[in-house]
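Participant: A single structure is presented below for examination.
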Amino acid sequence: MPAHTFHTSGPLTGTIRVPGDKSISHRALMFASLAVGESTIDGLLEGEDVLATASAMRQLGAGIERGDSGTWRVHGVGAGSLLEPRQALNMGNSGTSTRLLMGLLASQGFSATFTGDASLSGRPMNRVIEPLSQMGANFEASSGGTLPLTLRGALPATPITYRLPVASAQVKSAVLLAGLNTPGITSVIEPIATRDHTERMLAGFGAHIEIGKQDGERLISIHGEADLTPQCVVVPGDPSSAAFFIVAALIVPGSDIIIENVGMNTTRAGIVHALRQMGGSIDELNPRDVGGESVADLQVRHSALTGADIDPALAPSMIDEFPALFVAASLAQGTTRTSGLEELRVKESDRLSVMAEALTLAGARVEEHDDGLTIHGTGGDPLTGTPESTSVETNLDHRIAMSMAVAGLASRSGVRVDDTAPIATSFPTFMDLLAGATQ
Ligand SMILES: O=C(O)C1=C[C@@H](OP(=O)(O)O)[C@@H](O)[C@H](O)C1
Ligand SMILES: C=C(OP(=O)(O)O)C(=O)O
């Protein structure tokens with residue numbers, strides 16, 4: 001449990017690159033494992049969550065190696081030819097690995113057991129158990145639908161049309177992945193659009209996938225049984241990781257930094273809109289396309305932020321960025337109100353209550369509601385917490401650790417984060433990049 005105290009820093013300057021997108025990295029490994037032949041992946045995020053996906057796919061029969069140059073090679077076996085794992089699949093801290101793989105295995109003719117760490121073992125799996133049971137899979141789960149759980153796939157599974165009761169890309173993806181090895185058409189209706197990497201990448205791997213509308217709602221249909229073709233995937237930088245450096249540069253006086261190669265897919269870019277609404281200076285340089293995804297270099301300059309009412313419709317496009325946004329709001333002039341964020345309570349930690357408590361300890365004025373936080377900012381003055389450095393509990397949540405690290409940069413007495421180890425799940429180079437950018 002390495003604790004670390006983050007102190008007021010000099011301005012963030014220079015040019016940095018954040019690691020590859022976590023959502024795209026998981027999917028690249030999974031889809032390449034399903035395509036018969038060799039795929040390559042450049043820019044893969046080598047964080048613990050993605051490595052958990054890699055080791056699960058190896059247990060399921062794929063060949064996966066990292067070359068010396070950092071290119072990953074994946075020898076896929078085919079969507080209908082995965083092997084029964086001999087041991088439980090340990091998903092660590094990763095909800096995405098768990099829910100997407102549950103989908104994938106729901107239409108295979110064998111059983112698999114999923115385990116995870118204390119955080120993951122508290123997260124709701126009924127949201128995927130429900131539609132996958134409709135497709136014919138069987139589940140033995142802890143009461144309340146949590147890990148550890150054992151899934152017995154259905155072969156053949158039954159195609160369904162499923163309307164998402166919660167805006168979740170993981171649930172959407174689980175159903176579509178179950179549909180890959182299911183005869184017929186499996187469809188998901190998405191009343192509120194969520195990140196669309198699964199649809200984009202499955203199409204790129206040659207799956208027959210259609211996107212349309214039904215009663216004004218997004219309808220995604222996959223034709224099984226699918227044959228995927230190997231690809232050379234290039235993973236763009238993760239906007240969710242960039243968010244910590246964007247906020248840090250906005251709140252630390254004198255900062256002017258360039259973050260290269262950041263994914264700007266509109267289903268992920270909500271944080272940039274919200275921070276601009278608060279007066280943040282964020283310029284998109286050199287916009288381009290990388291591997292079918294929009295990418296830009298972001299120039300971010302210190303800005304006098306003002307509080308704002310954040311439109312709840314933005315939530316799905318910045319769901320993992322709210323902890324960082326709350327830090328920006330704590331330093332803004334005036335009040336920021338957020339709502340529609342119930343989903344934050346079922347992430348690696350309850351991100352509404354954990355951030356409310358952590359920021360309050362650090363000296364921010366925060367009110368917690370059922371579905372959001374209201375934050376009264378300092379107007380740019382440093383946060384003034386307890387006289388000794390404020391000690392924050394990470395709760396096995398990487399985004400809490402990194403957000404409070406950023407809060408420490410704008411804090412009079414520093415912020416002590418009790419456990420920085422979870423940062424390695426999504427952003428293993430965070431500490432080094434932060435030290436380099438604030439020199
Ligand atoms: O599909 C994905 O890659 C993800 C979807 C989101 O979760 P939900 O689907 O639970 O909203 C997000 O929080 C997670 O970090 C990654
Ligand atoms: C919620 C997150 O990830 P996951 O659901 O994959 O654990 C996250 O990275 O913030």
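Here's how to read the names in the structure tokens: chain A, B, ... by the order shown, residue numbers from 1 in each chain, ligand numbers from 1 in the order shown.
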Give me the residues near His208 in chain A as a PyMOL selection string, where near means some atom within 10 Å (using only C-alpha atoms) and where sequence neighbours in that chain fewer than 6 positions away do not count.
Facilitator: chain A and resi 180+185+202+221-228
Participant: Using only C-alpha atoms and all ligand atoms, find each residue with an atom at most 7 Å away from ligand 2 and format the answer as a list in words.
Facilitator: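 Checked against 7 Å with only C-alpha atoms and all ligand atoms; the hits are Asn93, Ser94, Gly95, Thr96, Ser97, Asp320, Lys347, Glu348, Arg399 and Ser426 of chain A.
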Participant: List all protein, DNA and RNA residues that have at least one atom no more than 8 Å from any atom of ligand 1, counting only C-alpha atoms and all ligand atoms, and write them as an NGL selection string.
Facilitator: :A and (22-24 or 26-27 or 95-96 or 100 or 167-173 or 194-195 or 197-198 or 316 or 319-320 or 343 or 347)
Participant: Would you output that residue set with N, CA and C atoms, as a short mmCIF file (atom, residue, chain, number, x, y, z; two decimals), in the first residue's frame?
Facilitator:
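This is the output file part33.cif:
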data_model
loop_
_atom_site.label_atom_id
_atom_site.label_comp_id
_atom_site.auth_asym_id
_atom_site.auth_seq_id
_atom_site.Cartn_x
_atom_site.Cartn_y
_atom_site.Cartn_z
N LYS A 22 -8.16 2.52 -22.48
CA LYS A 22 -8.43 1.26 -21.78
C LYS A 22 -9.58 0.50 -22.46
N SER A 23 -10.66 1.20 -22.79
CA SER A 23 -11.81 0.51 -23.41
C SER A 23 -11.40 -0.14 -24.73
N ILE A 24 -10.64 0.60 -25.53
CA ILE A 24 -10.24 0.08 -26.85
C ILE A 24 -9.24 -1.06 -26.68
N HIS A 26 -8.99 -3.29 -24.17
CA HIS A 26 -9.69 -4.54 -23.81
C HIS A 26 -10.30 -5.18 -25.05
N ARG A 27 -10.98 -4.34 -25.83
CA ARG A 27 -11.70 -4.87 -26.99
C ARG A 27 -10.74 -5.37 -28.05
N GLY A 95 -14.07 -4.10 -14.13
CA GLY A 95 -15.47 -4.32 -14.50
C GLY A 95 -15.61 -4.60 -15.99
N THR A 96 -14.85 -3.88 -16.81
CA THR A 96 -14.99 -4.06 -18.27
C THR A 96 -14.60 -5.48 -18.66
N LEU A 100 -17.67 -7.84 -20.22
CA LEU A 100 -17.55 -8.19 -21.64
C LEU A 100 -17.28 -9.68 -21.81
N ALA A 167 -27.78 3.16 -18.78
CA ALA A 167 -26.86 3.58 -19.84
C ALA A 167 -25.49 2.97 -19.55
N SER A 168 -25.20 1.82 -20.15
CA SER A 168 -23.95 1.14 -19.87
C SER A 168 -23.38 0.51 -21.13
N ALA A 169 -22.18 0.96 -21.51
CA ALA A 169 -21.50 0.35 -22.66
C ALA A 169 -21.09 -1.08 -22.35
N GLN A 170 -20.87 -1.37 -21.08
CA GLN A 170 -20.47 -2.74 -20.73
C GLN A 170 -21.64 -3.70 -20.94
N VAL A 171 -22.83 -3.30 -20.57
CA VAL A 171 -23.99 -4.18 -20.76
C VAL A 171 -24.28 -4.32 -22.26
N LYS A 172 -24.27 -3.20 -22.98
CA LYS A 172 -24.46 -3.25 -24.44
C LYS A 172 -23.47 -4.22 -25.06
N SER A 173 -22.20 -4.09 -24.67
CA SER A 173 -21.15 -4.91 -25.28
C SER A 173 -21.32 -6.37 -24.91
N THR A 194 -24.04 5.42 -25.42
CA THR A 194 -22.83 5.24 -24.61
C THR A 194 -21.65 5.03 -25.56
N ARG A 195 -20.45 4.92 -24.99
CA ARG A 195 -19.26 4.78 -25.86
C ARG A 195 -19.50 3.68 -26.88
N HIS A 197 -17.20 2.02 -28.94
CA HIS A 197 -16.02 1.32 -29.44
C HIS A 197 -16.34 -0.11 -29.88
N THR A 198 -17.26 -0.78 -29.18
CA THR A 198 -17.57 -2.17 -29.55
C THR A 198 -18.12 -2.23 -30.97
N PRO A 316 -22.99 10.15 -19.81
CA PRO A 316 -22.40 8.93 -20.39
C PRO A 316 -21.09 9.20 -21.13
N ILE A 319 -18.37 9.59 -18.05
CA ILE A 319 -18.78 8.94 -16.80
C ILE A 319 -17.58 8.70 -15.87
N ASP A 320 -16.41 8.40 -16.43
CA ASP A 320 -15.25 8.13 -15.56
C ASP A 320 -14.50 9.41 -15.19
N GLU A 343 -24.94 6.20 -11.41
CA GLU A 343 -24.01 5.14 -11.81
C GLU A 343 -22.65 5.27 -11.11
N LYS A 347 -19.19 2.14 -9.26
CA LYS A 347 -17.89 1.97 -9.94
C LYS A 347 -16.94 1.29 -8.95
#
Participant: Give me, as a PDB file with N, CA and C atoms, in the first residue's frame, all polymer residues having an atom no more than 8 Å from Ala178 in chain A, counting only C-alpha atoms and skipping those fewer than 3 positions away in the same chain.
Facilitator:
ATOM      1  N   GLY A 103     -20.286 -11.831 -21.403  1.00  0.00           N
ATOM      2  CA  GLY A 103     -21.044 -11.841 -22.649  1.00  0.00           C
ATOM      3  C   GLY A 103     -20.454 -12.823 -23.644  1.00  0.00           C
ATOM      4  N   LEU A 104     -19.155 -12.726 -23.823  1.00  0.00           N
ATOM      5  CA  LEU A 104     -18.489 -13.589 -24.802  1.00  0.00           C
ATOM      6  C   LEU A 104     -18.702 -15.065 -24.470  1.00  0.00           C
ATOM      7  N   LEU A 105     -18.641 -15.416 -23.194  1.00  0.00           N
ATOM      8  CA  LEU A 105     -18.725 -16.827 -22.807  1.00  0.00           C
ATOM      9  C   LEU A 105     -20.157 -17.311 -22.660  1.00  0.00           C
ATOM     10  N   ALA A 106     -21.120 -16.390 -22.716  1.00  0.00           N
ATOM     11  CA  ALA A 106     -22.525 -16.797 -22.556  1.00  0.00           C
ATOM     12  C   ALA A 106     -22.989 -17.677 -23.717  1.00  0.00           C
ATOM     13  N   SER A 107     -22.312 -17.596 -24.870  1.00  0.00           N
ATOM     14  CA  SER A 107     -22.726 -18.416 -26.019  1.00  0.00           C
ATOM     15  C   SER A 107     -21.651 -19.447 -26.395  1.00  0.00           C
ATOM     16  N   LEU A 132     -28.192 -12.027 -20.396  1.00  0.00           N
ATOM     17  CA  LEU A 132     -27.492 -13.241 -20.835  1.00  0.00           C
ATOM     18  C   LEU A 132     -28.286 -14.488 -20.434  1.00  0.00           C
ATOM     19  N   ALA A 174     -21.718  -6.653 -23.667  1.00  0.00           N
ATOM     20  CA  ALA A 174     -21.898  -8.048 -23.245  1.00  0.00           C
ATOM     21  C   ALA A 174     -22.925  -8.737 -24.136  1.00  0.00           C
ATOM     22  N   VAL A 175     -24.038  -8.069 -24.405  1.00  0.00           N
ATOM     23  CA  VAL A 175     -25.097  -8.689 -25.220  1.00  0.00           C
ATOM     24  C   VAL A 175     -24.603  -8.860 -26.667  1.00  0.00           C
ATOM     25  N   ASN A 181     -21.532 -15.417 -31.306  1.00  0.00           N
ATOM     26  CA  ASN A 181     -21.557 -16.873 -31.541  1.00  0.00           C
ATOM     27  C   ASN A 181     -22.967 -17.442 -31.425  1.00  0.00           C
ATOM     28  N   THR A 182     -23.948 -16.596 -31.716  1.00  0.00           N
ATOM     29  CA  THR A 182     -25.357 -16.998 -31.610  1.00  0.00           C
ATOM     30  C   THR A 182     -25.980 -16.943 -32.999  1.00  0.00           C
TER      31      THR A 182
END
Participant: Find the residues near Ala296 in chain A: any atom within 8 Å, counting only C-alpha atoms, skip ones fewer than 4 places away on the same chain, and give them as a ChimeraX atom specification.
Facilitator: /A:260-264,284-288
Participant: Closest to Arg416 in chain A among A:Leu359, A:Pro165, A:Ala3, A:Val252, using only C-alpha atoms?
Facilitator: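 Comparing A:Leu359, A:Pro165, A:Ala3, A:Val252 against Arg416 in chain A, the winner is A:Ala3.
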Participant: Skip Met355 in chain A itself and residues of its chain fewer than 3 positions away, then list as number ranges by chain all residues within 7 Å of it, counting only C-alpha atoms.
Facilitator: A: 323, 351-352, 358-359, 400
Participant: Would you list, as a PyMOL selection string, the residues of range 240-387 of chain A that end up in strand (DSSP E) under DSSP run on this structure's backbone?
Facilitator: chain A and resi 256-263+281-290+293-301+335-337+365-369+372-376
Participant: Quick one: everything within 8 Å of Ser187 in chain A, counting only C-alpha atoms, minus sequence neighbours fewer than 4 positions away in the same chain. Send it as a PyMOL selection string.
Facilitator: chain A and resi 159-162+175-176+219-222
Participant: Name all residues at most 6 Å from Asp117 in chain A (count only C-alpha atoms; drop same-chain ones fewer than 3 positions away) and give them as a list in words.
Facilitator: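 Final neighbour list, sorted by chain and number: Gly92, Asn93, Leu120 and Ser121 of chain A.
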Participant: Check the smallest atom-to-atom distance from each of A:Ala88, A:Phe326, A:Met57, A:Thr15 to Ala28 in chain A using only C-alpha atoms, then report the winner.
Facilitator: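 Closest residue, counting only C-alpha atoms: A:Met57.
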Participant: Looking at A:Val128, A:Ala193, A:Met91, A:Val235, which one is nearest to Asp42 in chain A, with distances taken over only C-alpha atoms?
Facilitator: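 When distances to Asp42 in chain A are compared using only C-alpha atoms, the smallest one comes from A:Val235.
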Participant: Kindly indicate which residue among A:Glu130, A:Glu342, A:Asp68, A:Asp21 lies nearest to Leu45 in chain A, using only C-alpha atoms for the distances.
Facilitator: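 The shortest atom-to-atom distance to Leu45 in chain A comes from A:Asp21.
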